[in-house]
Amino acid sequence: MLKRLILSATMMVAIGILAACGNLDTGPAETGQMTDSERIAYILGDRVLEPISQRARDRVVQLGYLNCDHMIAAPVAYQSGIYEALGINVAVTGHTGVPENMAAGNMDVAYVLYNIAIRGYLAGSPLFISAQNHTGGSVYLVVANHIQTPQDLIGATVVLGGDRDVLKWAEIARRMGIPADESYYNNVIIASDAARYQALYLGEIDAFMTCDPFGSLATYNGTGWIMATASTMFDGMMGTCCKVVMHYDFANEYPELAERMLLAHVTSIQFLYLFPYRAAEIFAHRFEMPMEVALMSIHKKLNGEGRTITWDMSVERLQNQIYANDRFDVRIEMTEELDMRGLTADHFVDLSFFNRIDAPDFDTFIRERVDPIFPLGMSLDEFTEAARARHEG
Amino acid sequence: MRRVLLSLSALLIFAACGTADNQELITSDLLPYFREVFPYQEIVLMIEGDANDDGIDDLVVVFAADPNHNQKVTVLSASNGFWLTEPMPAPFQDVAMSWRDIDNAPPIELVLSGRRGMDFGLGVLRFYENQWVDLFGGLEDCC
């Protein structure tokens with residue numbers, strides 16, 4: 001049964017109070033041995049940046065990104081000064097409604113879920129997928145402390161979530177051996193992850209699907225625990241998740257800016273992997289979270305769950321992800337329309353701009369520059385210690 | 001759809017309306033046809049443009065349906081008269097409208113935005129089969 005849960009304004013305000021329970025870091029501090037400018041120069045190394053035209057320098061690039069930890073490369077690029085260092089004038093214009101804002105001309109570049117991008121494309125939004133951002137996973141089923149087994153969820157009050165969550169819930173439910181069918185649960189609708197977290201904290205619900213930082217925050221504050229993490233492997237085939245999308249007109253009118261934005265994306269991901277403590281400071285500032293929660297989330301994305309933030313785009317994995325919806329009987333209308341119109345991922349993916357920036361090979365970058373410092377499989381404590389030591393020099 | 005059929009002669013008088021993209025219209029030659037059906041409603045915002053790609057400008061009007069709700073209606077001009085579309089919900093506050101061709105194909109799309117309290121919305125609307133279609137569902141919470 002589907003019931004609408006309306007949270008009071010008082011509950012919504014309480015998130016700030018809850019966040020303050022931890023050691024809230026209210027802003028990034030320049031405490032390391034390197035400045036952000038030096039870090040960026042270190043990443044770029046001997047790369048020669050071709051000068052961009054005055055026309056391009058004068059153009060303010062309208063950037064959007066969803067309020068989700070998967071999109072951390074965007075705020076890190078913005079806050080650390082990567083865009084500025086690359087000669088790009090960027091304004092952050094929003095965090096929701098990417099397809100319609102692209103169509104309305106309010107966004108040139110955006111970080112968004114793959115399915116939002118595809119459905120926006122199908123509805124006529126003038127966007128294309130220009131680069132990879134996140135491999136998938138990193139969506140969590142957070143449960144209250146009294147929920148001990150998956151069977152405890154049957155009949156419980158849960159937020160199975162919306163479009164972002166539907167496939168991930170189906171995959172988690174199958175893996176945990178409980179039905180995905182919402183009729184087995186008291187499924188309520190709460191739109192934002194923050195409000196879902198609130199509802200769990202107040203005992204209104206027993207479980208919810210979420211991105212970070214709210215999975216890590218629940219763990220940190222003892223509000224609940226992460227029972228399951230969504231996988232992006234479907235029947236042995238690797239899927240994918242969030243993408244960098246661009247407006248066709250922007251990319252075609254300003255190809256040098258389009259390429260420079262993608263170089264900023266790659267540089268920001270390198271920044272994340274090479275300077276995770278500083279990235280966590282930016283994360284804590286951007287999402288108004290305790291530094292400990294930021295480090296938990298950064299650790300999950302970069303190490304605990306693998307190298308999930310990446311610029312290594314695979315059209316085949318995107319196709320796997322699209323058809324995973326069919327196998328789990330969700331988003332049927334999207335795959336049906338793609339089939340009906342004879343569209344495959346190649347129709348809305350254009351890597352030509354990305355291919356011109358001479359990005360380093362992601363796997364080689366990880367193997368040569370990241371593995372020696374932050375090898376896979378580090379515990380949170382090991383990762384935090386190594387990141388802090390590198391930050392403090 | 002509610003239909004207001006007027007004489008062919010009226011068309012000759014009102015067919016020369018211009019497009020006022022991104023500009024707030026104070027009046028319009030098409031306004032009397034709106035007023036025939038909605039004589040007393042307060043007008044929030046109007047914009048002219050060729051919604052149905054028939055080569056003749058139309059008028060989109062956002063008006064106060066009641067103290068707590070706005071609605072949007074379109075006066076469609078055609079070669080054989082005038083029509084009013086069925087009113088549909090519109091943003092309640094900070095309403096803005098502009099025309100934008102999002103796909104380089106006719107008809108031109110209408111960008112409608114606004115808010116209700118803290119719920120902001122932005123819709124890209126295309127006139128299709130005699131009604132407005134919100135392409136991305138962006139107006140669900142602001143009306």
# chains A, B, ... in the order shown; residues from 1 in each chain; ligands from 1
>>> closest_atom_pairs(of="chain B", to="chain A", cutoff="10 Å", atoms="only C-alpha atoms", output="Markdown table")
| residue | atom | partner | partner_atom | distance |
| --- | --- | --- | --- | --- |
| B:Ser98 | CA | A:Ala104 | CA | 9.0 |
| B:Trp99 | CA | A:Ala104 | CA | 8.9 |
| B:Arg100 | CA | A:Ala104 | CA | 6.8 |
| B:Asp101 | CA | A:Ala103 | CA | 8.6 |
| B:Ile102 | CA | A:Ala103 | CA | 5.6 |
| B:Asp103 | CA | A:Pro126 | CA | 6.5 |
| B:Asn104 | CA | A:Pro126 | CA | 9.6 |
| B:Glu109 | CA | A:Ala104 | CA | 9.0 |
| B:Leu110 | CA | A:Ala104 | CA | 8.8 |
| B:Val111 | CA | A:Ala104 | CA | 6.3 |
| B:Leu112 | CA | A:Ala104 | CA | 9.1 |
| B:Ser113 | CA | A:Ala104 | CA | 9.9 |
| B:Phe120 | CA | A:Thr96 | CA | 9.7 |
| B:Gly121 | CA | A:Gly97 | CA | 8.4 |
| B:Leu122 | CA | A:Glu100 | CA | 6.8 |
| B:Gly123 | CA | A:Glu100 | CA | 6.5 |
| B:Val124 | CA | A:Glu100 | CA | 6.1 |
| B:Leu125 | CA | A:Glu100 | CA | 9.7 |
| B:Asp134 | CA | A:Glu100 | CA | 9.5 |
| B:Leu135 | CA | A:Ala123 | CA | 5.9 |
| B:Phe136 | CA | A:Glu100 | CA | 6.0 |
| B:Gly137 | CA | A:Glu100 | CA | 8.4 |
| B:Gly138 | CA | A:Gly97 | CA | 6.8 |
>>> select_by_dssp(residues="chain B", states="helix (DSSP H, G or I)", output="PyMOL selection string")
chain B and resi 8-14+31-37
>>> residues_around(residues="Ile47 of chain B", least_positions_apart="2", cutoff="12 Å", atoms="only C-alpha atoms", output="PyMOL selection string")
chain B and resi 17-31+43-45+49-51+57-63+72-75+95-99+110-112
>>> residues_around(residues="segment 72-81 of chain A", least_positions_apart="2", cutoff="7 Å", atoms="only C-alpha atoms", output="PyMOL selection string")
chain A and resi 36+65+69-70+83-85+264-265+268-269+279+282
>>> closest_residue(among="B:Asn70, B:Asn130, B:Arg35, B:Tyr40", to="Glu86 of chain B", atoms="only C-alpha atoms")
B:Asn130
>>> residues_around(residues="Glu305 of chain A", least_positions_apart="3", cutoff="9 Å", atoms="only C-alpha atoms", output="PyMOL selection string")
chain A and resi 137-138+299-302+308+376-377
>>> write_last_selection(atoms="N, CA and C atoms", output="compact mmCIF listing (two decimals), in the first residue's frame")
# COMPACT_ATOMS: atom_id res chain seq x y z
N GLY A 137 26.41 1.37 -8.09
CA GLY A 137 26.49 1.04 -6.67
C GLY A 137 26.29 2.31 -5.88
N SER A 138 26.85 2.35 -4.66
CA SER A 138 26.83 3.58 -3.86
C SER A 138 25.42 4.12 -3.62
N HIS A 299 35.62 7.55 1.24
CA HIS A 299 36.23 6.22 1.31
C HIS A 299 35.39 5.19 0.56
N LYS A 300 34.07 5.26 0.73
CA LYS A 300 33.20 4.31 0.01
C LYS A 300 33.37 4.46 -1.50
N LYS A 301 33.37 5.69 -1.98
CA LYS A 301 33.38 5.94 -3.42
C LYS A 301 34.72 5.58 -4.07
N LEU A 302 35.81 5.85 -3.35
CA LEU A 302 37.14 5.74 -3.96
C LEU A 302 37.86 4.45 -3.62
N THR A 308 34.86 3.78 -7.83
CA THR A 308 33.55 3.99 -8.47
C THR A 308 33.45 5.32 -9.21
N LEU A 376 43.48 -0.62 -2.92
CA LEU A 376 42.12 -1.08 -2.68
C LEU A 376 42.05 -1.96 -1.44
N GLY A 377 40.93 -1.90 -0.77
CA GLY A 377 40.73 -2.76 0.39
C GLY A 377 41.13 -2.12 1.70
>>> atom_distance(atom1="atom CA of Met246 of chain A", atom2="atom CA of Gly87 of chain A")
18.6 Å
>>> residues_around(residues="His69 of chain B", least_positions_apart="2", cutoff="8 Å", atoms="only C-alpha atoms", output="PyMOL selection string")
chain B and resi 64-67+71+89-92+143
>>> atom_distance(atom1="atom CA of Met176 of chain A", atom2="atom CA of Thr157 of chain A")
17.6 Å
>>> closest_residue(among="A:Phe374, A:Phe234, A:Tyr111, A:Phe348", to="Arg175 of chain A", atoms="only C-alpha atoms")
A:Phe234
>>> closest_residue(among="B:Glu140, B:Asp94, B:Phe34, B:Gln131", to="Gly114 of chain B", atoms="only C-alpha atoms")
B:Asp94
>>> residues_around(residues="Thr364 of chain A", least_positions_apart="5", cutoff="12 Å", atoms="only C-alpha atoms", output="MDAnalysis selection string")
chainID A and resid 270 312 359 369:371
>>> closest_residue(among="A:Phe271, A:Phe283, A:Trp225, A:Phe383", to="Glu38 of chain A", atoms="only C-alpha atoms")
A:Phe271
>>> atom_distance(atom1="atom CA of Ala228 of chain A", atom2="atom CA of Arg307 of chain A")
18.5 Å
>>> decode(residues="segment 57-91 of chain B", atoms="N, CA and C atoms", output="PDB file, in the first residue's frame")
ATOM      1  N   ASP B  57       0.168  34.212 -34.767  1.00  0.00           N
ATOM      2  CA  ASP B  57       0.472  34.271 -33.332  1.00  0.00           C
ATOM      3  C   ASP B  57      -0.742  33.959 -32.474  1.00  0.00           C
ATOM      4  N   ASP B  58      -0.466  33.340 -31.350  1.00  0.00           N
ATOM      5  CA  ASP B  58      -1.482  33.002 -30.356  1.00  0.00           C
ATOM      6  C   ASP B  58      -1.131  33.748 -29.067  1.00  0.00           C
ATOM      7  N   LEU B  59      -2.001  33.644 -28.089  1.00  0.00           N
ATOM      8  CA  LEU B  59      -1.787  34.337 -26.819  1.00  0.00           C
ATOM      9  C   LEU B  59      -1.891  33.336 -25.672  1.00  0.00           C
ATOM     10  N   VAL B  60      -0.852  33.270 -24.847  1.00  0.00           N
ATOM     11  CA  VAL B  60      -0.883  32.428 -23.655  1.00  0.00           C
ATOM     12  C   VAL B  60      -1.080  33.343 -22.456  1.00  0.00           C
ATOM     13  N   VAL B  61      -2.058  33.016 -21.642  1.00  0.00           N
ATOM     14  CA  VAL B  61      -2.398  33.854 -20.488  1.00  0.00           C
ATOM     15  C   VAL B  61      -2.332  33.017 -19.218  1.00  0.00           C
ATOM     16  N   VAL B  62      -1.561  33.491 -18.253  1.00  0.00           N
ATOM     17  CA  VAL B  62      -1.613  32.927 -16.906  1.00  0.00           C
ATOM     18  C   VAL B  62      -2.473  33.871 -16.070  1.00  0.00           C
ATOM     19  N   PHE B  63      -3.490  33.303 -15.443  1.00  0.00           N
ATOM     20  CA  PHE B  63      -4.417  34.152 -14.687  1.00  0.00           C
ATOM     21  C   PHE B  63      -4.710  33.528 -13.322  1.00  0.00           C
ATOM     22  N   ALA B  64      -5.213  34.364 -12.433  1.00  0.00           N
ATOM     23  CA  ALA B  64      -5.550  33.897 -11.084  1.00  0.00           C
ATOM     24  C   ALA B  64      -6.924  33.246 -11.125  1.00  0.00           C
ATOM     25  N   ALA B  65      -6.936  31.923 -11.001  1.00  0.00           N
ATOM     26  CA  ALA B  65      -8.209  31.208 -11.031  1.00  0.00           C
ATOM     27  C   ALA B  65      -8.975  31.429  -9.734  1.00  0.00           C
ATOM     28  N   ASP B  66      -8.242  31.475  -8.636  1.00  0.00           N
ATOM     29  CA  ASP B  66      -8.806  31.823  -7.333  1.00  0.00           C
ATOM     30  C   ASP B  66      -7.648  32.364  -6.500  1.00  0.00           C
ATOM     31  N   PRO B  67      -7.904  32.814  -5.285  1.00  0.00           N
ATOM     32  CA  PRO B  67      -6.805  33.445  -4.538  1.00  0.00           C
ATOM     33  C   PRO B  67      -5.592  32.544  -4.297  1.00  0.00           C
ATOM     34  N   ASN B  68      -5.760  31.248  -4.447  1.00  0.00           N
ATOM     35  CA  ASN B  68      -4.656  30.335  -4.133  1.00  0.00           C
ATOM     36  C   ASN B  68      -4.133  29.544  -5.322  1.00  0.00           C
ATOM     37  N   HIS B  69      -4.694  29.786  -6.486  1.00  0.00           N
ATOM     38  CA  HIS B  69      -4.270  28.994  -7.646  1.00  0.00           C
ATOM     39  C   HIS B  69      -4.235  29.846  -8.914  1.00  0.00           C
ATOM     40  N   ASN B  70      -3.225  29.610  -9.704  1.00  0.00           N
ATOM     41  CA  ASN B  70      -3.166  30.196 -11.045  1.00  0.00           C
ATOM     42  C   ASN B  70      -3.456  29.119 -12.079  1.00  0.00           C
ATOM     43  N   GLN B  71      -3.946  29.571 -13.213  1.00  0.00           N
ATOM     44  CA  GLN B  71      -4.137  28.665 -14.345  1.00  0.00           C
ATOM     45  C   GLN B  71      -3.616  29.327 -15.613  1.00  0.00           C
ATOM     46  N   LYS B  72      -3.417  28.476 -16.590  1.00  0.00           N
ATOM     47  CA  LYS B  72      -2.910  28.961 -17.872  1.00  0.00           C
ATOM     48  C   LYS B  72      -3.898  28.552 -18.950  1.00  0.00           C
ATOM     49  N   VAL B  73      -4.169  29.501 -19.863  1.00  0.00           N
ATOM     50  CA  VAL B  73      -5.049  29.205 -20.983  1.00  0.00           C
ATOM     51  C   VAL B  73      -4.449  29.851 -22.226  1.00  0.00           C
ATOM     52  N   THR B  74      -4.741  29.303 -23.364  1.00  0.00           N
ATOM     53  CA  THR B  74      -4.179  29.846 -24.596  1.00  0.00           C
ATOM     54  C   THR B  74      -5.297  30.235 -25.557  1.00  0.00           C
ATOM     55  N   VAL B  75      -5.218  31.462 -26.032  1.00  0.00           N
ATOM     56  CA  VAL B  75      -6.106  31.883 -27.110  1.00  0.00           C
ATOM     57  C   VAL B  75      -5.408  31.522 -28.411  1.00  0.00           C
ATOM     58  N   LEU B  76      -5.968  30.551 -29.089  1.00  0.00           N
ATOM     59  CA  LEU B  76      -5.357  30.100 -30.339  1.00  0.00           C
ATOM     60  C   LEU B  76      -6.052  30.766 -31.507  1.00  0.00           C
ATOM     61  N   SER B  77      -5.273  31.406 -32.314  1.00  0.00           N
ATOM     62  CA  SER B  77      -5.844  32.026 -33.504  1.00  0.00           C
ATOM     63  C   SER B  77      -5.635  31.085 -34.681  1.00  0.00           C
ATOM     64  N   ALA B  78      -6.655  30.915 -35.452  1.00  0.00           N
ATOM     65  CA  ALA B  78      -6.579  30.050 -36.629  1.00  0.00           C
ATOM     66  C   ALA B  78      -7.210  30.763 -37.805  1.00  0.00           C
ATOM     67  N   SER B  79      -7.094  30.160 -38.943  1.00  0.00           N
ATOM     68  CA  SER B  79      -7.608  30.829 -40.139  1.00  0.00           C
ATOM     69  C   SER B  79      -9.130  30.947 -40.112  1.00  0.00           C
ATOM     70  N   ASN B  80      -9.771  30.123 -39.300  1.00  0.00           N
ATOM     71  CA  ASN B  80     -11.237  30.174 -39.272  1.00  0.00           C
ATOM     72  C   ASN B  80     -11.791  30.649 -37.937  1.00  0.00           C
ATOM     73  N   GLY B  81     -10.971  31.297 -37.125  1.00  0.00           N
ATOM     74  CA  GLY B  81     -11.500  31.838 -35.886  1.00  0.00           C
ATOM     75  C   GLY B  81     -10.545  31.700 -34.724  1.00  0.00           C
ATOM     76  N   PHE B  82     -11.115  31.636 -33.543  1.00  0.00           N
ATOM     77  CA  PHE B  82     -10.297  31.602 -32.331  1.00  0.00           C
ATOM     78  C   PHE B  82     -10.764  30.488 -31.410  1.00  0.00           C
ATOM     79  N   TRP B  83      -9.833  29.907 -30.706  1.00  0.00           N
ATOM     80  CA  TRP B  83     -10.126  28.846 -29.764  1.00  0.00           C
ATOM     81  C   TRP B  83      -9.490  29.203 -28.427  1.00  0.00           C
ATOM     82  N   LEU B  84     -10.067  28.672 -27.358  1.00  0.00           N
ATOM     83  CA  LEU B  84      -9.407  28.718 -26.052  1.00  0.00           C
ATOM     84  C   LEU B  84      -9.114  27.291 -25.616  1.00  0.00           C
ATOM     85  N   THR B  85      -7.908  27.080 -25.176  1.00  0.00           N
ATOM     86  CA  THR B  85      -7.576  25.749 -24.668  1.00  0.00           C
ATOM     87  C   THR B  85      -8.199  25.556 -23.292  1.00  0.00           C
ATOM     88  N   GLU B  86      -8.283  24.313 -22.882  1.00  0.00           N
ATOM     89  CA  GLU B  86      -8.757  23.995 -21.528  1.00  0.00           C
ATOM     90  C   GLU B  86      -7.752  24.567 -20.533  1.00  0.00           C
ATOM     91  N   PRO B  87      -8.221  25.283 -19.492  1.00  0.00           N
ATOM     92  CA  PRO B  87      -7.265  25.808 -18.506  1.00  0.00           C
ATOM     93  C   PRO B  87      -6.488  24.685 -17.834  1.00  0.00           C
ATOM     94  N   MET B  88      -5.224  24.941 -17.599  1.00  0.00           N
ATOM     95  CA  MET B  88      -4.392  23.960 -16.896  1.00  0.00           C
ATOM     96  C   MET B  88      -3.636  24.675 -15.770  1.00  0.00           C
ATOM     97  N   PRO B  89      -3.236  23.943 -14.725  1.00  0.00           N
ATOM     98  CA  PRO B  89      -2.540  24.588 -13.607  1.00  0.00           C
ATOM     99  C   PRO B  89      -1.275  25.320 -14.057  1.00  0.00           C
ATOM    100  N   ALA B  90      -1.005  26.426 -13.408  1.00  0.00           N
ATOM    101  CA  ALA B  90       0.196  27.217 -13.683  1.00  0.00           C
ATOM    102  C   ALA B  90       0.872  27.541 -12.354  1.00  0.00           C
ATOM    103  N   PRO B  91       2.159  27.861 -12.389  1.00  0.00           N
ATOM    104  CA  PRO B  91       2.845  28.218 -11.142  1.00  0.00           C
ATOM    105  C   PRO B  91       2.137  29.354 -10.414  1.00  0.00           C
TER     106      PRO B  91
END
